Amino acid sequence: MSAEIAVEAAQNAVQATSNTNMVVGLTIALGSLAPAAAIGLIVSKALEAIGRNPEAASKVQTVMILGVAFAEAIAIYSLVVALILKFV
Amino acid sequence: MASLHISISAEPIFYLGELGFTSSMLVSLLTTLFLLIIGYQFFRSQKKTSNLNLIIQALIESLYEFAQTITPHKAGKFLPIFATIFLFVMFASWAGLLPGVETIWVNNGQKLVPLLRGGTADLNITLGTAIVAVAMVQIFGVDSLGIKYFKKFINFSNPINFFVGLLELISEFAKIMSFSFRLFGNIFAGEVLLVVIAFLLPILGPLPFIGLELFVGFIQALVFATLTLVFVNIATSDSH
């Protein structure tokens, strides 16, 4: 009787572990969709601006790098959450 | 087969009472010492055209020109905080790529832990740097605008401005979190990547990823320092 309970507990633990892995994977996958789209939009607008006015290229580039860092930070937040779920 | 060792928090290498002195703190202390020694050599050198002097002059000049693209007139006043944050974050992040980091193990009284770990791969270090950066923004603001600087946050003229001020206050704390997590996430994810790749392809696998980490360390240092400079510029040039 106790052996059956122990087996069921172990099965639940295994189920919990594989659920954790799936949740971790989903966290980072879903959390990277919006930042990827955002970075694509930012860089495409920056390229348009540079094409329209090549003399302002370095100014546009500086602001673009800043914008990309802000957008990437959001993806990094979800990455940190995924890492915490996996390793803590 | 050996198992991977990945720990999200830097482990203490010895304890001072209840406080643990972590491996990342050791590496960031060594980075600070390295920067101080180079600065002292530059300060005390007799020959102004030795190799080290030329390198440091070129570095300071390029940092100054970069600061000038963001704050054309006050670059000299803000260069110290900009260059310090940039150099510290860059060298502390690059320190995580040296041989011996995370591979030399010591016994910290309870278990075996790595002796060295990338300086900015510890949330304590990045949080401290972020708090220093945001505190310097406030200090520069008060220094240029006097006590009127705080009118940005506490503004009773009308209800909308009151809520805008409240949002500005919350956004200062959001800046601290954003700075620290952006830097920590980038550098720690890079370390995890290197450990996993070294585990899968030990012989030549890590080579392009170490190159990627060099680039990421440089870019994150630049972003941290540039954002600090931008916020300082906004705080000191307020003329609504």
# chains A, B, ... in the order shown; residues from 1 in each chain; ligands from 1
call {"tool": "closest_atom_pairs", "arguments": {"of": "chain B", "to": "chain A", "cutoff": "10 Å", "atoms": "only C-alpha atoms", "output": "Markdown table"}}
result
| residue | atom | partner | partner_atom | distance |
| --- | --- | --- | --- | --- |
| B:Ile6 | CA | A:Phe87 | CA | 7.7 |
| B:Ser7 | CA | A:Phe87 | CA | 6.8 |
| B:Ile8 | CA | A:Phe87 | CA | 6.6 |
| B:Ser9 | CA | A:Val88 | CA | 9.3 |
| B:Phe66 | CA | A:Thr62 | CA | 9.5 |
| B:Thr69 | CA | A:Lys59 | CA | 7.6 |
| B:Ile70 | CA | A:Thr62 | CA | 8.8 |
| B:Met177 | CA | A:Tyr77 | CA | 9.9 |
| B:Ser178 | CA | A:Ala73 | CA | 7.2 |
| B:Phe179 | CA | A:Ala73 | CA | 8.6 |
| B:Phe181 | CA | A:Tyr77 | CA | 6.6 |
| B:Arg182 | CA | A:Ala73 | CA | 5.1 |
| B:Leu183 | CA | A:Ala73 | CA | 8.5 |
| B:Phe184 | CA | A:Val80 | CA | 8.5 |
| B:Gly185 | CA | A:Ile76 | CA | 5.5 |
| B:Asn186 | CA | A:Ile76 | CA | 6.7 |
| B:Phe188 | CA | A:Val80 | CA | 8.9 |
| B:Ala189 | CA | A:Leu79 | CA | 8.0 |
| B:Val192 | CA | A:Leu83 | CA | 9.7 |
| B:Ile219 | CA | A:Ala69 | CA | 8.9 |
| B:Gln220 | CA | A:Ala69 | CA | 8.1 |
| B:Leu222 | CA | A:Leu66 | CA | 9.3 |
| B:Val223 | CA | A:Leu66 | CA | 6.5 |
| B:Phe224 | CA | A:Ala69 | CA | 9.2 |
| B:Thr226 | CA | A:Leu66 | CA | 7.8 |
| B:Leu227 | CA | A:Leu66 | CA | 7.4 |
| B:Val230 | CA | A:Leu66 | CA | 9.8 |
call {"tool": "write_last_selection", "arguments": {"atoms": "N, CA and C atoms", "output": "PDB file, in the first residue's frame"}}
result
ATOM      1  N   ILE B   6      25.881  24.980 -13.001  1.00  0.00           N
ATOM      2  CA  ILE B   6      25.385  26.327 -13.311  1.00  0.00           C
ATOM      3  C   ILE B   6      24.622  26.801 -12.094  1.00  0.00           C
ATOM      4  N   SER B   7      25.049  27.914 -11.535  1.00  0.00           N
ATOM      5  CA  SER B   7      24.346  28.438 -10.368  1.00  0.00           C
ATOM      6  C   SER B   7      23.993  29.882 -10.639  1.00  0.00           C
ATOM      7  N   ILE B   8      22.717  30.214 -10.486  1.00  0.00           N
ATOM      8  CA  ILE B   8      22.295  31.557 -10.888  1.00  0.00           C
ATOM      9  C   ILE B   8      22.842  32.617  -9.949  1.00  0.00           C
ATOM     10  N   SER B   9      23.049  32.261  -8.676  1.00  0.00           N
ATOM     11  CA  SER B   9      23.634  33.238  -7.761  1.00  0.00           C
ATOM     12  C   SER B   9      25.087  32.867  -7.532  1.00  0.00           C
ATOM     13  N   PHE B  66      32.741  60.352 -27.934  1.00  0.00           N
ATOM     14  CA  PHE B  66      31.441  59.698 -27.892  1.00  0.00           C
ATOM     15  C   PHE B  66      30.508  60.433 -26.945  1.00  0.00           C
ATOM     16  N   THR B  69      28.905  63.410 -28.554  1.00  0.00           N
ATOM     17  CA  THR B  69      27.771  63.253 -29.461  1.00  0.00           C
ATOM     18  C   THR B  69      26.456  63.254 -28.699  1.00  0.00           C
ATOM     19  N   ILE B  70      26.501  62.976 -27.383  1.00  0.00           N
ATOM     20  CA  ILE B  70      25.260  62.922 -26.621  1.00  0.00           C
ATOM     21  C   ILE B  70      25.035  64.228 -25.867  1.00  0.00           C
ATOM     22  N   MET B 177      15.992  48.765 -11.751  1.00  0.00           N
ATOM     23  CA  MET B 177      15.759  47.353 -12.051  1.00  0.00           C
ATOM     24  C   MET B 177      16.188  47.033 -13.476  1.00  0.00           C
ATOM     25  N   SER B 178      15.844  47.961 -14.398  1.00  0.00           N
ATOM     26  CA  SER B 178      16.135  47.694 -15.797  1.00  0.00           C
ATOM     27  C   SER B 178      17.640  47.610 -16.039  1.00  0.00           C
ATOM     28  N   PHE B 179      18.406  48.583 -15.483  1.00  0.00           N
ATOM     29  CA  PHE B 179      19.861  48.554 -15.628  1.00  0.00           C
ATOM     30  C   PHE B 179      20.441  47.238 -15.125  1.00  0.00           C
ATOM     31  N   PHE B 181      19.030  44.291 -14.338  1.00  0.00           N
ATOM     32  CA  PHE B 181      18.661  43.028 -14.959  1.00  0.00           C
ATOM     33  C   PHE B 181      19.151  42.918 -16.391  1.00  0.00           C
ATOM     34  N   ARG B 182      19.220  44.061 -17.115  1.00  0.00           N
ATOM     35  CA  ARG B 182      19.734  43.980 -18.474  1.00  0.00           C
ATOM     36  C   ARG B 182      21.165  43.464 -18.457  1.00  0.00           C
ATOM     37  N   LEU B 183      22.025  44.091 -17.599  1.00  0.00           N
ATOM     38  CA  LEU B 183      23.428  43.693 -17.573  1.00  0.00           C
ATOM     39  C   LEU B 183      23.582  42.265 -17.049  1.00  0.00           C
ATOM     40  N   PHE B 184      22.888  41.954 -15.923  1.00  0.00           N
ATOM     41  CA  PHE B 184      23.020  40.626 -15.344  1.00  0.00           C
ATOM     42  C   PHE B 184      22.547  39.557 -16.318  1.00  0.00           C
ATOM     43  N   GLY B 185      21.380  39.794 -16.953  1.00  0.00           N
ATOM     44  CA  GLY B 185      20.825  38.789 -17.847  1.00  0.00           C
ATOM     45  C   GLY B 185      21.738  38.515 -19.019  1.00  0.00           C
ATOM     46  N   ASN B 186      22.276  39.599 -19.642  1.00  0.00           N
ATOM     47  CA  ASN B 186      23.151  39.395 -20.783  1.00  0.00           C
ATOM     48  C   ASN B 186      24.391  38.614 -20.397  1.00  0.00           C
ATOM     49  N   PHE B 188      25.104  36.794 -17.603  1.00  0.00           N
ATOM     50  CA  PHE B 188      24.899  35.466 -17.055  1.00  0.00           C
ATOM     51  C   PHE B 188      24.462  34.497 -18.135  1.00  0.00           C
ATOM     52  N   ALA B 189      23.576  34.956 -19.053  1.00  0.00           N
ATOM     53  CA  ALA B 189      23.167  34.071 -20.145  1.00  0.00           C
ATOM     54  C   ALA B 189      24.375  33.703 -21.000  1.00  0.00           C
ATOM     55  N   VAL B 192      26.235  30.956 -19.149  1.00  0.00           N
ATOM     56  CA  VAL B 192      25.544  29.665 -19.281  1.00  0.00           C
ATOM     57  C   VAL B 192      25.797  29.088 -20.662  1.00  0.00           C
ATOM     58  N   ILE B 219      29.249  45.853 -25.784  1.00  0.00           N
ATOM     59  CA  ILE B 219      27.989  46.540 -26.089  1.00  0.00           C
ATOM     60  C   ILE B 219      27.206  46.841 -24.817  1.00  0.00           C
ATOM     61  N   GLN B 220      27.171  45.883 -23.876  1.00  0.00           N
ATOM     62  CA  GLN B 220      26.421  46.131 -22.644  1.00  0.00           C
ATOM     63  C   GLN B 220      27.065  47.231 -21.823  1.00  0.00           C
ATOM     64  N   LEU B 222      28.752  49.726 -23.099  1.00  0.00           N
ATOM     65  CA  LEU B 222      28.433  50.956 -23.824  1.00  0.00           C
ATOM     66  C   LEU B 222      27.004  51.386 -23.555  1.00  0.00           C
ATOM     67  N   VAL B 223      26.070  50.417 -23.557  1.00  0.00           N
ATOM     68  CA  VAL B 223      24.658  50.754 -23.347  1.00  0.00           C
ATOM     69  C   VAL B 223      24.437  51.283 -21.941  1.00  0.00           C
ATOM     70  N   PHE B 224      25.038  50.625 -20.944  1.00  0.00           N
ATOM     71  CA  PHE B 224      24.891  51.067 -19.555  1.00  0.00           C
ATOM     72  C   PHE B 224      25.403  52.499 -19.413  1.00  0.00           C
ATOM     73  N   THR B 226      26.020  54.753 -21.782  1.00  0.00           N
ATOM     74  CA  THR B 226      25.303  55.726 -22.610  1.00  0.00           C
ATOM     75  C   THR B 226      23.954  56.077 -22.001  1.00  0.00           C
ATOM     76  N   LEU B 227      23.244  55.064 -21.478  1.00  0.00           N
ATOM     77  CA  LEU B 227      21.960  55.362 -20.849  1.00  0.00           C
ATOM     78  C   LEU B 227      22.143  56.234 -19.618  1.00  0.00           C
ATOM     79  N   VAL B 230      22.677  59.694 -20.893  1.00  0.00           N
ATOM     80  CA  VAL B 230      21.432  60.277 -21.406  1.00  0.00           C
ATOM     81  C   VAL B 230      20.552  60.729 -20.253  1.00  0.00           C
TER      82      VAL B 230
END
call {"tool": "select_by_dssp", "arguments": {"residues": "region 57-151 of chain B", "states": "alpha helix (DSSP H)", "output": "ChimeraX atom specification"}}
result
/B:57-70,75-94,123-145
call {"tool": "atom_distance", "arguments": {"atom1": "CA of Gly31 (chain A)", "atom2": "CA of Leu85 (chain A)"}}
result
14.0 Å
call {"tool": "residues_around", "arguments": {"residues": "Ala221 (chain B)", "least_positions_apart": "5", "cutoff": "8 Å", "atoms": "only C-alpha atoms", "output": "PDB file with N, CA and C atoms, in the first residue's frame"}}
result
ATOM      1  N   ILE B  85      31.876  53.966 -15.453  1.00  0.00           N
ATOM      2  CA  ILE B  85      30.909  52.884 -15.602  1.00  0.00           C
ATOM      3  C   ILE B  85      31.270  52.037 -16.811  1.00  0.00           C
ATOM      4  N   PHE B  86      31.650  52.696 -17.929  1.00  0.00           N
ATOM      5  CA  PHE B  86      31.973  51.941 -19.130  1.00  0.00           C
ATOM      6  C   PHE B  86      33.150  51.005 -18.887  1.00  0.00           C
ATOM      7  N   LEU B  87      34.256  51.529 -18.328  1.00  0.00           N
ATOM      8  CA  LEU B  87      35.450  50.702 -18.174  1.00  0.00           C
ATOM      9  C   LEU B  87      35.239  49.601 -17.156  1.00  0.00           C
ATOM     10  N   VAL B  89      32.342  48.138 -16.186  1.00  0.00           N
ATOM     11  CA  VAL B  89      31.439  47.088 -16.655  1.00  0.00           C
ATOM     12  C   VAL B  89      32.110  46.280 -17.760  1.00  0.00           C
ATOM     13  N   MET B  90      32.862  46.953 -18.652  1.00  0.00           N
ATOM     14  CA  MET B  90      33.484  46.208 -19.746  1.00  0.00           C
ATOM     15  C   MET B  90      34.523  45.229 -19.222  1.00  0.00           C
TER      16      MET B  90
END
call {"tool": "residues_around", "arguments": {"residues": "Met25 (chain B)", "least_positions_apart": "4", "cutoff": "12 Å", "atoms": "only C-alpha atoms", "output": "PyMOL selection string"}}
result
chain B and resi 9-14+20-21+29-32+92+95+115-126+128
call {"tool": "write_last_selection", "arguments": {"atoms": "N, CA and C atoms", "output": "PDB file, in the first residue's frame"}}
result
ATOM      1  N   SER B   9      23.049  32.261  -8.676  1.00  0.00           N
ATOM      2  CA  SER B   9      23.634  33.238  -7.761  1.00  0.00           C
ATOM      3  C   SER B   9      25.087  32.867  -7.532  1.00  0.00           C
ATOM      4  N   ALA B  10      25.927  33.910  -7.456  1.00  0.00           N
ATOM      5  CA  ALA B  10      27.342  33.637  -7.217  1.00  0.00           C
ATOM      6  C   ALA B  10      27.500  33.049  -5.821  1.00  0.00           C
ATOM      7  N   GLU B  11      28.301  31.987  -5.721  1.00  0.00           N
ATOM      8  CA  GLU B  11      28.415  31.319  -4.424  1.00  0.00           C
ATOM      9  C   GLU B  11      29.504  31.951  -3.578  1.00  0.00           C
ATOM     10  N   PRO B  12      29.296  32.031  -2.254  1.00  0.00           N
ATOM     11  CA  PRO B  12      30.316  32.638  -1.401  1.00  0.00           C
ATOM     12  C   PRO B  12      31.559  31.775  -1.324  1.00  0.00           C
ATOM     13  N   ILE B  13      32.740  32.419  -1.388  1.00  0.00           N
ATOM     14  CA  ILE B  13      33.968  31.649  -1.224  1.00  0.00           C
ATOM     15  C   ILE B  13      34.432  31.651   0.217  1.00  0.00           C
ATOM     16  N   PHE B  14      34.032  32.673   1.008  1.00  0.00           N
ATOM     17  CA  PHE B  14      34.161  32.556   2.444  1.00  0.00           C
ATOM     18  C   PHE B  14      33.102  33.438   3.084  1.00  0.00           C
ATOM     19  N   GLY B  20      28.166  36.479   2.962  1.00  0.00           N
ATOM     20  CA  GLY B  20      29.056  35.707   2.115  1.00  0.00           C
ATOM     21  C   GLY B  20      29.781  36.606   1.139  1.00  0.00           C
ATOM     22  N   PHE B  21      31.084  36.394   1.003  1.00  0.00           N
ATOM     23  CA  PHE B  21      31.888  37.143   0.038  1.00  0.00           C
ATOM     24  C   PHE B  21      31.969  36.286  -1.208  1.00  0.00           C
ATOM     25  N   LEU B  29      36.603  43.160  -7.459  1.00  0.00           N
ATOM     26  CA  LEU B  29      37.684  43.817  -6.715  1.00  0.00           C
ATOM     27  C   LEU B  29      38.975  43.806  -7.522  1.00  0.00           C
ATOM     28  N   LEU B  30      39.284  42.647  -8.132  1.00  0.00           N
ATOM     29  CA  LEU B  30      40.500  42.562  -8.934  1.00  0.00           C
ATOM     30  C   LEU B  30      40.425  43.481 -10.141  1.00  0.00           C
ATOM     31  N   THR B  31      39.224  43.591 -10.755  1.00  0.00           N
ATOM     32  CA  THR B  31      39.062  44.513 -11.884  1.00  0.00           C
ATOM     33  C   THR B  31      39.319  45.946 -11.457  1.00  0.00           C
ATOM     34  N   THR B  32      38.743  46.330 -10.298  1.00  0.00           N
ATOM     35  CA  THR B  32      38.957  47.691  -9.794  1.00  0.00           C
ATOM     36  C   THR B  32      40.435  47.934  -9.529  1.00  0.00           C
ATOM     37  N   ALA B  92      34.932  44.067 -16.153  1.00  0.00           N
ATOM     38  CA  ALA B  92      34.378  43.043 -15.270  1.00  0.00           C
ATOM     39  C   ALA B  92      33.652  41.984 -16.081  1.00  0.00           C
ATOM     40  N   ALA B  95      36.279  39.847 -17.772  1.00  0.00           N
ATOM     41  CA  ALA B  95      36.995  38.992 -16.829  1.00  0.00           C
ATOM     42  C   ALA B  95      36.361  37.616 -16.738  1.00  0.00           C
ATOM     43  N   LEU B 115      36.168  29.513  -7.554  1.00  0.00           N
ATOM     44  CA  LEU B 115      36.810  30.641  -6.894  1.00  0.00           C
ATOM     45  C   LEU B 115      36.511  31.947  -7.601  1.00  0.00           C
ATOM     46  N   LEU B 116      36.449  31.921  -8.936  1.00  0.00           N
ATOM     47  CA  LEU B 116      36.267  33.147  -9.700  1.00  0.00           C
ATOM     48  C   LEU B 116      35.039  33.014 -10.587  1.00  0.00           C
ATOM     49  N   ARG B 117      34.361  34.150 -10.805  1.00  0.00           N
ATOM     50  CA  ARG B 117      33.188  34.175 -11.677  1.00  0.00           C
ATOM     51  C   ARG B 117      33.103  35.579 -12.235  1.00  0.00           C
ATOM     52  N   GLY B 118      32.612  35.720 -13.435  1.00  0.00           N
ATOM     53  CA  GLY B 118      32.564  37.028 -14.091  1.00  0.00           C
ATOM     54  C   GLY B 118      32.025  38.111 -13.169  1.00  0.00           C
ATOM     55  N   GLY B 119      32.678  39.265 -13.173  1.00  0.00           N
ATOM     56  CA  GLY B 119      32.335  40.320 -12.225  1.00  0.00           C
ATOM     57  C   GLY B 119      30.886  40.759 -12.286  1.00  0.00           C
ATOM     58  N   THR B 120      30.328  40.858 -13.491  1.00  0.00           N
ATOM     59  CA  THR B 120      28.966  41.353 -13.604  1.00  0.00           C
ATOM     60  C   THR B 120      27.956  40.225 -13.723  1.00  0.00           C
ATOM     61  N   ALA B 121      28.390  38.977 -13.485  1.00  0.00           N
ATOM     62  CA  ALA B 121      27.447  37.871 -13.558  1.00  0.00           C
ATOM     63  C   ALA B 121      26.791  37.639 -12.216  1.00  0.00           C
ATOM     64  N   ASP B 122      26.862  38.610 -11.334  1.00  0.00           N
ATOM     65  CA  ASP B 122      26.257  38.509 -10.015  1.00  0.00           C
ATOM     66  C   ASP B 122      25.302  39.680  -9.880  1.00  0.00           C
ATOM     67  N   LEU B 123      24.052  39.393  -9.521  1.00  0.00           N
ATOM     68  CA  LEU B 123      23.058  40.469  -9.456  1.00  0.00           C
ATOM     69  C   LEU B 123      23.430  41.529  -8.436  1.00  0.00           C
ATOM     70  N   ASN B 124      24.217  41.139  -7.383  1.00  0.00           N
ATOM     71  CA  ASN B 124      24.636  42.142  -6.394  1.00  0.00           C
ATOM     72  C   ASN B 124      25.457  43.245  -7.038  1.00  0.00           C
ATOM     73  N   ILE B 125      26.432  42.839  -7.887  1.00  0.00           N
ATOM     74  CA  ILE B 125      27.332  43.824  -8.481  1.00  0.00           C
ATOM     75  C   ILE B 125      26.554  44.728  -9.442  1.00  0.00           C
ATOM     76  N   THR B 126      25.717  44.132 -10.279  1.00  0.00           N
ATOM     77  CA  THR B 126      24.984  44.952 -11.251  1.00  0.00           C
ATOM     78  C   THR B 126      23.985  45.854 -10.554  1.00  0.00           C
ATOM     79  N   GLY B 128      24.331  47.080  -7.542  1.00  0.00           N
ATOM     80  CA  GLY B 128      25.106  48.163  -6.945  1.00  0.00           C
ATOM     81  C   GLY B 128      25.494  49.217  -7.965  1.00  0.00           C
TER      82      GLY B 128
END
call {"tool": "residues_around", "arguments": {"residues": "region 45-58 of chain B", "least_positions_apart": "6", "cutoff": "12 Å", "atoms": "only C-alpha atoms", "output": "list in words"}}
result
Leu35, Ile37, Ile38, Gly39, Tyr64, Glu65, Ala83 and Leu87 of chain B
call {"tool": "atom_distance", "arguments": {"atom1": "CA of Tyr40 (chain B)", "atom2": "CA of Phe82 (chain B)"}}
result
19.1 Å
call {"tool": "atom_distance", "arguments": {"atom1": "CA of Val142 (chain B)", "atom2": "CA of Leu169 (chain B)"}}
result
15.1 Å
call {"tool": "select_by_dssp", "arguments": {"residues": "region 35-146 of chain B", "states": "strand (DSSP E or B)", "output": "ChimeraX atom specification"}}
result
/B:105-107,112-114
call {"tool": "write_last_selection", "arguments": {"atoms": "N, CA and C atoms", "output": "mmCIF file, in the first residue's frame"}}
result
data_model
loop_
_atom_site.group_PDB
_atom_site.id
_atom_site.type_symbol
_atom_site.label_atom_id
_atom_site.label_comp_id
_atom_site.auth_asym_id
_atom_site.auth_seq_id
_atom_site.Cartn_x
_atom_site.Cartn_y
_atom_site.Cartn_z
ATOM 1 N N TRP B 105 38.421 25.507 -8.178
ATOM 2 C CA TRP B 105 37.438 25.271 -7.128
ATOM 3 C C TRP B 105 38.087 25.378 -5.760
ATOM 4 N N VAL B 106 37.350 25.951 -4.801
ATOM 5 C CA VAL B 106 37.823 25.992 -3.422
ATOM 6 C C VAL B 106 36.712 25.464 -2.536
ATOM 7 N N ASN B 107 37.121 25.140 -1.316
ATOM 8 C CA ASN B 107 36.166 24.644 -0.346
ATOM 9 C C ASN B 107 35.776 25.802 0.555
ATOM 10 N N LEU B 112 32.223 22.538 -2.308
ATOM 11 C CA LEU B 112 33.195 22.996 -3.291
ATOM 12 C C LEU B 112 32.519 24.031 -4.191
ATOM 13 N N VAL B 113 33.139 25.222 -4.283
ATOM 14 C CA VAL B 113 32.556 26.259 -5.136
ATOM 15 C C VAL B 113 33.644 26.830 -6.029
ATOM 16 N N PRO B 114 33.268 27.433 -7.191
ATOM 17 C CA PRO B 114 34.293 28.059 -8.035
ATOM 18 C C PRO B 114 34.852 29.298 -7.347
#
